[in-house]
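Taking it in order: structure first as structure tokens, then the write-up.
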Amino acid sequence: MRISEAITSEDRHYVKRYMIITLVIAAFDRDSRFIQQQLKTPGPYVDIIKLATENAWADMRDVKKHFWLKGMKVYEEKRTPLGIMAKFKCRGYESSLELRWEYISAEASVLMRKYLGLDVSQYVNKSVSEEIQDKY
């Protein structure tokens, strides 16, 4: 069996989700701390970010469940000038995946809006099946 057959596009999709959700959670934590320090009435804003962070963690639990079911693990992430490179194992095979900063920024922005409860329908690609869209 070739590695390309052993590691499916769905598996790679979950690695991408893992990478981006991790960054989104870190951004929410950073922004929450900043708001607490800078605003006179940070409470309502921090509460919204806290709820968004909980939504992100719910998605992360889904990702980790997929990892557990498929025997997957991201064991290294490295930031480069072009993006983030992740090395991962899947069903005994090792592979890597690199996401460019432009892609990361765009995906993280949409996810942050989703977790904050904003309408992200304008970002949905109508040519992609609903089954694939529901995965994200």
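Here, A, B, ... name the chains of the structure tokens in the order displayed, residue numbers run from 1 inside each chain, and ligands are numbered from 1 in the same displayed order.
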
Inset, instruction - May I have the residues within 12 Å of Ala6 in chain A as a count of residues only, using only C-alpha atoms and disregarding those fewer than 3 positions away in the same chain? - result: 17

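For chain A, the set of residues given strand (DSSP E or B) by DSSP on the backbone reads Met72, Lys73, Val74, Tyr75, Glu76, Glu77, Lys78, Arg79, Gly83, Ile84, Met85, Ala86, Lys87, Phe88, Lys89, Cys90, Tyr93, Glu94, Ser95, Ser96, Leu97, Glu98, Leu99 and Arg100 of chain A.
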
Inset, instruction - Skip Ala26 in chain A itself and residues of its chain fewer than 2 positions away, then list as a list in words all residues within 12 Å of it, counting only C-alpha atoms. - result: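 Listed by chain and then number, they are Met19, Ile20, Ile21, Thr22, Leu23, Val24, Phe28, Asp29, Arg30, Asp31, Ser32, Arg33, Ile49, Lys50, Ala52, Thr53, Ala56, Trp57, Ala108 and Met112 of chain A.
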
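Ranking A:Ala27, A:Gly43, A:Ser96, A:Tyr14 by their shortest atom-to-atom distance to Trp68 in chain A, with only C-alpha atoms included, puts A:Tyr14 first.
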
Legend entry - Straight-line distance linking CA of Asp62 in chain A with CA of Asp47 in chain A, stated in Å to one decimal: 23.2 Å

Legend entry - Exercise: Val120 in chain A partners within 7 Å, only C-alpha atoms, chain neighbours under 6 positions left out, as a list in words: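 Near Val120 in chain A, the qualifying residues are Val110, Arg113 and Lys114 of chain A.
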
How about saving the chosen residues, all heavy atoms kept, as a compact mmCIF listing (two decimals), in the first residue's frame?
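Result saved to out-v9.txt:
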# COMPACT_ATOMS: atom_id res chain seq x y z
N VAL A 110 -12.18 33.16 9.05
CA VAL A 110 -13.53 32.62 8.89
C VAL A 110 -13.93 31.82 10.14
O VAL A 110 -15.04 31.97 10.66
CB VAL A 110 -13.64 31.74 7.63
CG1 VAL A 110 -14.97 31.01 7.57
CG2 VAL A 110 -13.43 32.58 6.38
N ARG A 113 -14.82 34.06 13.07
CA ARG A 113 -16.16 34.62 12.89
C ARG A 113 -17.23 33.58 13.23
O ARG A 113 -18.22 33.87 13.88
CB ARG A 113 -16.34 35.13 11.47
CG ARG A 113 -15.61 36.42 11.20
CD ARG A 113 -15.76 36.84 9.72
NE ARG A 113 -15.26 38.17 9.49
CZ ARG A 113 -13.97 38.48 9.29
NH1 ARG A 113 -13.06 37.53 9.28
NH2 ARG A 113 -13.60 39.73 9.09
N LYS A 114 -17.01 32.36 12.76
CA LYS A 114 -17.96 31.27 13.04
C LYS A 114 -18.09 31.06 14.55
O LYS A 114 -19.20 30.98 15.08
CB LYS A 114 -17.50 29.98 12.36
CG LYS A 114 -18.32 28.76 12.71
CD LYS A 114 -17.68 27.49 12.15
CE LYS A 114 -18.22 26.28 12.87
NZ LYS A 114 -17.43 25.10 12.68

Inset, instruction - Rank A:Val15, A:Ile35, A:Met85, A:Leu99 by their smallest atom-to-atom distance to Met60 in chain A, using only C-alpha atoms, and report the top residue only. - result: A:Val15

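Across the structure, CA of Ala58 in chain A and CA of Leu39 in chain A are spaced 28.1 Å apart.
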
Legend entry - For Leu111 in chain A, the nearest of the candidates A:Tyr123, A:Glu76, A:Ala86, A:Thr41, counting only C-alpha atoms: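 Smallest separation from Leu111 in chain A among the options: A:Tyr123.
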
Legend entry - Closest of A:Thr80, A:Ser109, A:Gln122, A:Thr8 to Ile25 in chain A - atom-to-atom distances counting only C-alpha atoms: A:Ser109
